[in-house]
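So this block is target36.cif, mmCIF, C-alpha atoms:
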```cif
data_work
#
loop_
_atom_site.label_atom_id
_atom_site.label_comp_id
_atom_site.auth_asym_id
_atom_site.auth_seq_id
_atom_site.Cartn_x
_atom_site.Cartn_y
_atom_site.Cartn_z
CA MET A 1 55.82 0.76 94.13
CA GLU A 2 55.69 4.30 95.45
CA LYS A 3 51.90 4.27 95.17
CA THR A 4 51.76 0.98 97.05
CA ILE A 5 53.83 2.47 99.84
CA ALA A 6 51.58 5.52 99.89
CA VAL A 7 48.62 3.21 100.53
CA LEU A 8 50.51 1.56 103.40
CA ASN A 9 51.03 5.02 104.86
CA ASP A 10 47.29 5.69 104.46
CA LEU A 11 46.54 2.53 106.46
CA LYS A 12 48.59 3.93 109.29
CA ARG A 13 47.18 7.44 108.95
CA ASN A 14 43.66 6.04 109.18
CA GLY A 15 44.44 3.97 112.27
CA LEU A 16 43.95 0.59 110.59
CA VAL A 17 47.46 -0.39 111.53
CA GLU A 18 49.46 1.01 114.40
CA ASP A 19 52.57 0.54 112.37
CA TYR A 20 53.94 -1.30 109.36
CA ALA A 21 57.30 -2.23 107.89
CA ILE A 22 58.35 -3.83 104.64
CA ALA A 23 59.73 -7.32 105.33
CA GLY A 24 60.72 -10.45 103.40
CA ALA A 25 62.50 -10.48 100.06
CA MET A 26 61.65 -6.87 99.29
CA ALA A 27 63.18 -5.72 102.55
CA ALA A 28 66.25 -7.80 101.74
CA ALA A 29 66.46 -5.98 98.40
CA PHE A 30 67.24 -2.81 100.33
CA TYR A 31 70.49 -4.43 101.51
CA ILE A 32 71.55 -6.95 98.87
CA GLU A 33 71.51 -7.43 95.12
CA PRO A 34 67.99 -7.47 93.61
CA ALA A 35 66.53 -10.94 93.13
CA LEU A 36 63.32 -12.29 91.68
CA THR A 37 60.36 -11.90 94.00
CA TYR A 38 56.65 -11.54 93.43
CA ASP A 39 55.16 -10.22 96.61
CA LEU A 40 55.59 -7.49 99.11
CA ASP A 41 55.50 -8.83 102.66
CA VAL A 42 54.43 -6.22 105.16
CA PHE A 43 54.64 -6.68 108.92
CA ILE A 44 51.84 -4.91 110.72
CA ALA A 45 50.82 -4.18 114.27
CA VAL A 46 47.09 -3.66 114.65
CA PRO A 47 45.18 -1.80 117.36
CA GLN A 48 44.59 -3.90 120.48
CA THR A 49 40.82 -3.62 120.02
CA VAL A 50 40.96 -5.96 117.06
CA GLY A 51 40.68 -9.66 117.89
CA PRO A 52 42.97 -12.24 116.28
CA ILE A 53 40.31 -13.64 113.95
CA MET A 54 39.28 -10.22 112.63
CA ILE A 55 42.82 -8.90 112.45
CA LEU A 56 42.96 -8.33 108.67
CA SER A 57 39.28 -7.64 107.98
CA PRO A 58 39.30 -3.85 108.52
CA ILE A 59 42.44 -3.54 106.41
CA TYR A 60 40.97 -5.55 103.56
CA GLU A 61 37.70 -3.60 103.77
CA PHE A 62 39.62 -0.33 103.52
CA LEU A 63 41.59 -1.62 100.55
CA HIS A 64 38.52 -3.06 98.79
CA ASN A 65 36.94 0.37 99.04
CA ARG A 66 39.97 1.74 97.22
CA GLY A 67 39.54 -0.77 94.42
CA CYS A 68 42.13 -3.32 95.52
CA VAL A 69 41.31 -6.93 94.74
CA GLU A 70 42.40 -10.12 96.42
CA ALA A 71 44.68 -12.56 94.61
CA GLY A 72 45.14 -15.75 96.63
CA GLU A 73 46.77 -14.92 99.92
CA HIS A 74 47.67 -11.47 98.60
CA ILE A 75 45.83 -8.29 97.90
CA LEU A 76 46.81 -6.28 94.84
CA VAL A 77 47.71 -2.77 95.94
CA GLU A 78 48.54 -0.48 93.04
CA GLY A 79 49.75 -3.41 90.93
CA VAL A 80 51.80 -5.09 93.65
CA PRO A 81 50.64 -8.26 95.46
CA VAL A 82 50.89 -7.43 99.15
CA GLN A 83 50.75 -9.91 101.99
CA PHE A 84 50.07 -8.48 105.43
CA LEU A 85 51.70 -10.42 108.24
CA PRO A 86 50.72 -9.48 111.78
CA VAL A 87 53.70 -9.50 114.13
CA HIS A 88 53.54 -12.89 115.75
CA ASN A 89 56.41 -13.22 118.21
CA PRO A 90 58.77 -10.99 120.22
CA LEU A 91 61.35 -10.89 117.42
CA THR A 92 58.93 -9.71 114.75
CA GLN A 93 57.41 -7.25 117.22
CA GLU A 94 60.83 -5.75 117.98
CA ALA A 95 61.72 -5.77 114.27
CA LEU A 96 58.64 -3.70 113.52
CA GLN A 97 59.23 -1.29 116.40
CA GLU A 98 62.80 -0.66 115.37
CA ALA A 99 62.28 -0.56 111.60
CA ARG A 100 64.13 2.10 109.61
CA GLU A 101 62.47 5.11 108.05
CA ILE A 102 63.46 5.45 104.40
CA ILE A 103 62.30 7.59 101.50
CA PHE A 104 61.26 5.80 98.31
CA ARG A 105 61.39 8.48 95.63
CA GLU A 106 59.40 11.05 97.60
CA THR A 107 57.37 8.78 99.82
CA PRO A 108 58.39 7.79 103.33
CA ALA A 109 58.34 4.11 104.16
CA ARG A 110 59.42 1.80 106.94
CA VAL A 111 61.69 -1.16 106.28
CA LEU A 112 63.06 -3.78 108.67
CA ARG A 113 66.63 -3.24 109.79
CA ALA A 114 69.15 -5.63 108.23
CA GLU A 115 69.95 -7.12 111.63
CA HIS A 116 66.31 -8.03 112.35
CA LEU A 117 65.81 -9.33 108.85
CA MET A 118 68.82 -11.62 109.31
CA ALA A 119 67.61 -12.78 112.72
CA ILE A 120 64.19 -13.60 111.25
CA MET A 121 65.89 -15.54 108.44
CA LEU A 122 67.80 -17.51 111.05
CA GLN A 123 64.64 -18.11 113.06
CA THR A 124 62.58 -19.20 110.04
CA TYR A 125 65.48 -21.00 108.38
CA ARG A 126 63.85 -22.33 105.22
CA ALA A 127 66.13 -22.99 102.25
CA LYS A 128 65.45 -19.52 100.83
CA ASP A 129 66.15 -17.94 104.21
CA LYS A 130 69.54 -19.65 104.34
CA ALA A 131 70.33 -18.46 100.82
CA ARG A 132 69.31 -14.88 101.62
CA LEU A 133 71.15 -14.93 104.93
CA THR A 134 74.31 -15.92 103.09
CA LEU A 135 73.87 -12.98 100.71
CA MET A 136 73.12 -10.62 103.59
CA LEU A 137 76.36 -11.66 105.28
CA GLU A 138 78.28 -11.14 102.04
CA GLN A 139 76.73 -7.91 100.84
CA ALA A 140 74.74 -6.04 103.47
CA GLU A 141 76.13 -3.29 105.62
CA PHE A 142 75.04 -4.11 109.14
CA ASP A 143 75.98 -3.58 112.76
CA ARG A 144 77.46 -6.90 113.89
CA GLN A 145 77.24 -6.08 117.60
CA TYR A 146 73.60 -5.06 117.33
CA PHE A 147 72.90 -8.24 115.34
CA MET A 148 74.44 -10.39 118.08
CA GLU A 149 72.38 -8.54 120.69
CA VAL A 150 69.19 -9.26 118.73
CA LEU A 151 70.16 -12.94 118.55
CA GLU A 152 70.82 -13.03 122.31
CA ARG A 153 67.54 -11.31 123.15
CA HIS A 154 65.53 -13.76 121.10
CA GLY A 155 67.24 -17.02 121.97
CA LEU A 156 68.97 -17.40 118.61
CA ALA A 157 72.60 -17.12 119.66
CA THR A 158 73.07 -20.88 119.98
CA LYS A 159 71.43 -21.51 116.63
CA TRP A 160 73.71 -18.89 115.10
CA ALA A 161 76.79 -20.45 116.68
CA GLU A 162 75.76 -23.88 115.43
CA SER A 163 74.93 -22.71 111.92
CA GLY A 164 77.57 -20.01 111.61
CA ASN A 165 80.14 -22.29 110.09
CA SER A 166 77.85 -23.12 107.21
CA PHE A 167 77.82 -19.40 106.32
CA GLY A 168 81.59 -19.18 106.44
CA VAL A 169 81.54 -16.72 109.33
CA GLU A 170 82.63 -16.86 112.93
CA MET B 1 90.84 -36.73 73.51
CA ASP B 2 88.96 -35.87 76.74
CA SER B 3 85.86 -37.84 77.50
CA PRO B 4 83.48 -37.34 80.38
CA ARG B 5 83.54 -41.10 80.99
CA ASN B 6 87.32 -41.45 81.19
CA GLY B 7 88.13 -38.06 82.62
CA PRO B 8 90.51 -35.47 81.20
CA ASN B 9 93.69 -36.45 79.41
CA PRO B 10 97.02 -35.59 81.08
CA GLU B 11 97.45 -32.33 79.13
CA THR B 12 94.03 -31.06 80.18
CA ARG B 13 94.63 -32.14 83.77
CA SER B 14 97.92 -30.28 83.74
CA ALA B 15 96.24 -27.12 82.38
CA TRP B 16 93.58 -27.33 85.09
CA ASN B 17 96.27 -27.47 87.74
CA SER B 18 98.23 -24.54 86.36
CA PRO B 19 98.74 -21.48 88.58
CA GLU B 20 97.78 -19.25 85.62
CA LEU B 21 94.34 -20.81 85.40
CA ALA B 22 93.93 -20.63 89.18
CA SER B 23 94.88 -16.96 89.06
CA LEU B 24 92.49 -16.26 86.19
CA MET B 25 89.62 -18.01 87.96
CA GLU B 26 90.35 -16.09 91.14
CA LYS B 27 90.15 -12.80 89.19
CA LEU B 28 86.91 -13.84 87.46
CA PHE B 29 85.25 -14.81 90.74
CA ALA B 30 86.46 -11.62 92.40
CA ALA B 31 84.97 -9.59 89.53
CA LYS B 32 81.70 -11.48 89.89
CA LYS B 33 81.61 -10.77 93.60
CA ALA B 34 82.43 -7.09 93.05
CA ARG B 35 79.59 -6.85 90.51
CA ARG B 36 77.13 -8.33 92.99
CA VAL B 37 78.28 -5.98 95.73
CA ALA B 38 77.85 -3.08 93.28
CA LEU B 39 74.30 -4.31 92.58
CA ALA B 40 73.67 -4.44 96.32
CA ARG B 41 74.66 -0.75 96.56
CA LEU B 42 72.22 0.45 93.89
CA PRO B 43 69.42 2.78 94.96
CA ILE B 44 66.26 0.89 95.91
CA GLU B 45 64.34 2.52 93.05
CA GLU B 46 66.78 0.97 90.56
CA LYS B 47 66.58 -2.38 92.34
CA VAL B 48 62.78 -2.36 92.05
CA ARG B 49 63.15 -1.66 88.31
CA ILE B 50 65.47 -4.68 88.03
CA ILE B 51 63.10 -6.88 90.04
CA VAL B 52 60.20 -6.03 87.72
CA GLU B 53 62.45 -6.73 84.72
CA LEU B 54 63.34 -10.12 86.25
CA GLN B 55 59.62 -10.80 86.71
CA ARG B 56 59.03 -10.00 83.02
CA ILE B 57 61.85 -12.29 81.91
CA ALA B 58 60.61 -15.13 84.15
CA TYR B 59 57.07 -14.59 82.88
CA ASP B 60 58.18 -14.74 79.23
CA ILE B 61 60.25 -17.88 79.75
CA ARG B 62 57.60 -19.75 81.72
CA SER B 63 54.83 -18.68 79.36
CA ALA B 64 56.88 -19.82 76.36
CA ALA B 65 57.35 -23.18 78.07
CA GLY B 66 53.59 -23.45 78.55
CA ALA B 67 53.89 -23.12 82.33
CA SER B 68 51.76 -20.85 84.44
CA ALA B 69 53.63 -17.82 85.65
CA PRO B 70 52.94 -15.02 88.09
CA LYS B 71 52.35 -11.77 86.26
CA PRO B 72 54.94 -9.03 86.56
CA TRP B 73 54.01 -6.09 88.76
CA ASP B 74 52.08 -3.41 86.96
CA LEU B 75 53.53 -0.25 88.43
CA SER B 76 51.84 1.94 85.84
CA GLN B 77 48.58 1.84 87.80
#
```

Mind turning the file's structure into structure tokens?
Amino acid sequence: MEKTIAVLNDLKRNGLVEDYAIAGAMAAAFYIEPALTYDLDVFIAVPQTVGPIMILSPIYEFLHNRGCVEAGEHILVEGVPVQFLPVHNPLTQEALQEAREIIFRETPARVLRAEHLMAIMLQTYRAKDKARLTLMLEQAEFDRQYFMEVLERHGLATKWAESGNSFGVE
Amino acid sequence: MDSPRNGPNPETRSAWNSPELASLMEKLFAAKKARRVALARLPIEEKVRIIVELQRIAYDIRSAAGASAPKPWDLSQ
């Protein structure tokens, strides 16, 4: 996966994305026990000059030129199916901006903070999000006050209060 | 003898209600939880190795059952 991350860094270095951060199940794996997943979700912010319809085209062109091939909604980057997800609301935008810098082996990478990941799970709230959110609450080390601030900022505090009991938390 | 249809006999019911069994189960669940927290604290490199191993296991099982299965990541590339 280090090579995949290196390619993500190349995308940023070459100006194809303004920024990126690992999201989804793989980001959750940074905070909780490893679980089966098949893709690497990557949040991206693209330069303003790119219109919404063309948003992924330059990225895919760059990756095709490096020998990456498409597989359904993914593109295989160094053996890992990657799905690029443009930030699409204020929460995902903030999550990307405030992502953590980590080092994977010797390669720097950006990963969503646990608090944003949890807020996104609450916002999306599919069955798998609920399951992961439960595990995050049980296992992840996170800043509870910061998490509550994220929820307040993005209109999720009521949803949290209403659903909190089902996670066994206050 | 116990039967699923008639429920447990009185001896079994009594064993299920014993404080010793409750205590044992509590210890087992606590150990399970501790193991999962320990897994959560592994370095990300080790977690990725485990994820790929899980993908291989899932692939083998689904393939053996004749079901289509996503291929495990090929990190050797």

Proximity check chain B to chain A, 12 Å, nearest pairs one decimal Å, all atoms listed in the file, as JSON lines:
```
{"residue": "B:Lys33", "atom": "CA", "partner": "A:Glu138", "partner_atom": "CA", "distance": 9.1}
{"residue": "B:Ala34", "atom": "CA", "partner": "A:Gln139", "partner_atom": "CA", "distance": 9.7}
{"residue": "B:Arg35", "atom": "CA", "partner": "A:Glu33", "partner_atom": "CA", "distance": 9.3}
{"residue": "B:Arg36", "atom": "CA", "partner": "A:Glu33", "partner_atom": "CA", "distance": 6.1}
{"residue": "B:Val37", "atom": "CA", "partner": "A:Gln139", "partner_atom": "CA", "distance": 5.7}
{"residue": "B:Ala38", "atom": "CA", "partner": "A:Glu33", "partner_atom": "CA", "distance": 7.9}
{"residue": "B:Leu39", "atom": "CA", "partner": "A:Glu33", "partner_atom": "CA", "distance": 4.9}
{"residue": "B:Ala40", "atom": "CA", "partner": "A:Glu33", "partner_atom": "CA", "distance": 3.9}
{"residue": "B:Arg41", "atom": "CA", "partner": "A:Ile32", "partner_atom": "CA", "distance": 7.3}
{"residue": "B:Leu42", "atom": "CA", "partner": "A:Glu33", "partner_atom": "CA", "distance": 8.0}
{"residue": "B:Pro43", "atom": "CA", "partner": "A:Phe30", "partner_atom": "CA", "distance": 8.1}
{"residue": "B:Ile44", "atom": "CA", "partner": "A:Phe30", "partner_atom": "CA", "distance": 5.8}
{"residue": "B:Glu45", "atom": "CA", "partner": "A:Phe104", "partner_atom": "CA", "distance": 6.9}
{"residue": "B:Glu46", "atom": "CA", "partner": "A:Pro34", "partner_atom": "CA", "distance": 9.1}
{"residue": "B:Lys47", "atom": "CA", "partner": "A:Pro34", "partner_atom": "CA", "distance": 5.4}
{"residue": "B:Val48", "atom": "CA", "partner": "A:Pro34", "partner_atom": "CA", "distance": 7.5}
{"residue": "B:Arg49", "atom": "CA", "partner": "A:Pro34", "partner_atom": "CA", "distance": 9.2}
{"residue": "B:Ile50", "atom": "CA", "partner": "A:Pro34", "partner_atom": "CA", "distance": 6.7}
{"residue": "B:Ile51", "atom": "CA", "partner": "A:Leu36", "partner_atom": "CA", "distance": 5.7}
{"residue": "B:Val52", "atom": "CA", "partner": "A:Leu36", "partner_atom": "CA", "distance": 8.0}
{"residue": "B:Glu53", "atom": "CA", "partner": "A:Leu36", "partner_atom": "CA", "distance": 9.0}
{"residue": "B:Leu54", "atom": "CA", "partner": "A:Leu36", "partner_atom": "CA", "distance": 5.8}
{"residue": "B:Gln55", "atom": "CA", "partner": "A:Leu36", "partner_atom": "CA", "distance": 6.4}
{"residue": "B:Arg56", "atom": "CA", "partner": "A:Leu36", "partner_atom": "CA", "distance": 9.9}
{"residue": "B:Ile57", "atom": "CA", "partner": "A:Leu36", "partner_atom": "CA", "distance": 9.9}
{"residue": "B:Ala58", "atom": "CA", "partner": "A:Leu36", "partner_atom": "CA", "distance": 8.5}
{"residue": "B:Tyr59", "atom": "CA", "partner": "A:Tyr38", "partner_atom": "CA", "distance": 11.0}
{"residue": "B:Ala69", "atom": "CA", "partner": "A:Tyr38", "partner_atom": "CA", "distance": 10.4}
{"residue": "B:Pro70", "atom": "CA", "partner": "A:Tyr38", "partner_atom": "CA", "distance": 7.4}
{"residue": "B:Lys71", "atom": "CA", "partner": "A:Tyr38", "partner_atom": "CA", "distance": 8.4}
{"residue": "B:Pro72", "atom": "CA", "partner": "A:Tyr38", "partner_atom": "CA", "distance": 7.5}
{"residue": "B:Trp73", "atom": "CA", "partner": "A:Val80", "partner_atom": "CA", "distance": 5.5}
{"residue": "B:Asp74", "atom": "CA", "partner": "A:Gly79", "partner_atom": "CA", "distance": 4.6}
{"residue": "B:Leu75", "atom": "CA", "partner": "A:Gly79", "partner_atom": "CA", "distance": 5.5}
{"residue": "B:Ser76", "atom": "CA", "partner": "A:Gly79", "partner_atom": "CA", "distance": 7.7}
{"residue": "B:Gln77", "atom": "CA", "partner": "A:Glu78", "partner_atom": "CA", "distance": 5.7}
```

Taking the file as shown, find all residues satisfying the PyMOL selection byres ((chain A and resi 94-101) around 10) and write them as JSON, numbers by chain. {"A": [19, 20, 21, 22, 23, 42, 43, 44, 45, 86, 87, 89, 90, 91, 92, 93, 102, 103, 104, 108, 109, 110, 111, 112, 113, 114, 115, 116, 117, 119, 120, 150, 154]}

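Taking CA of Phe142 in chain A as the reference point, CA of Ala161 in chain A is found at 18.1 Å.
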
Resolved residues for the PyMOL selection byres ((chain A and resi 11) around 12) as an MDAnalysis selection string: chainID A and resid 4:10 12:21 42 44:47 56 58:63 66 77 84

Expected file contents, prior selection, C-alpha atoms, as a short mmCIF file (atom, residue, chain, number, x, y, z; two decimals), in the frame of the given file:
```cif
data_model
loop_
_atom_site.label_atom_id
_atom_site.label_comp_id
_atom_site.auth_asym_id
_atom_site.auth_seq_id
_atom_site.Cartn_x
_atom_site.Cartn_y
_atom_site.Cartn_z
CA THR A 4 51.76 0.98 97.05
CA ILE A 5 53.83 2.47 99.84
CA ALA A 6 51.58 5.52 99.89
CA VAL A 7 48.62 3.21 100.53
CA LEU A 8 50.51 1.56 103.40
CA ASN A 9 51.03 5.02 104.86
CA ASP A 10 47.29 5.69 104.46
CA LYS A 12 48.59 3.93 109.29
CA ARG A 13 47.18 7.44 108.95
CA ASN A 14 43.66 6.04 109.18
CA GLY A 15 44.44 3.97 112.27
CA LEU A 16 43.95 0.59 110.59
CA VAL A 17 47.46 -0.39 111.53
CA GLU A 18 49.46 1.01 114.40
CA ASP A 19 52.57 0.54 112.37
CA TYR A 20 53.94 -1.30 109.36
CA ALA A 21 57.30 -2.23 107.89
CA VAL A 42 54.43 -6.22 105.16
CA ILE A 44 51.84 -4.91 110.72
CA ALA A 45 50.82 -4.18 114.27
CA VAL A 46 47.09 -3.66 114.65
CA PRO A 47 45.18 -1.80 117.36
CA LEU A 56 42.96 -8.33 108.67
CA PRO A 58 39.30 -3.85 108.52
CA ILE A 59 42.44 -3.54 106.41
CA TYR A 60 40.97 -5.55 103.56
CA GLU A 61 37.70 -3.60 103.77
CA PHE A 62 39.62 -0.33 103.52
CA LEU A 63 41.59 -1.62 100.55
CA ARG A 66 39.97 1.74 97.22
CA VAL A 77 47.71 -2.77 95.94
CA PHE A 84 50.07 -8.48 105.43
#
```
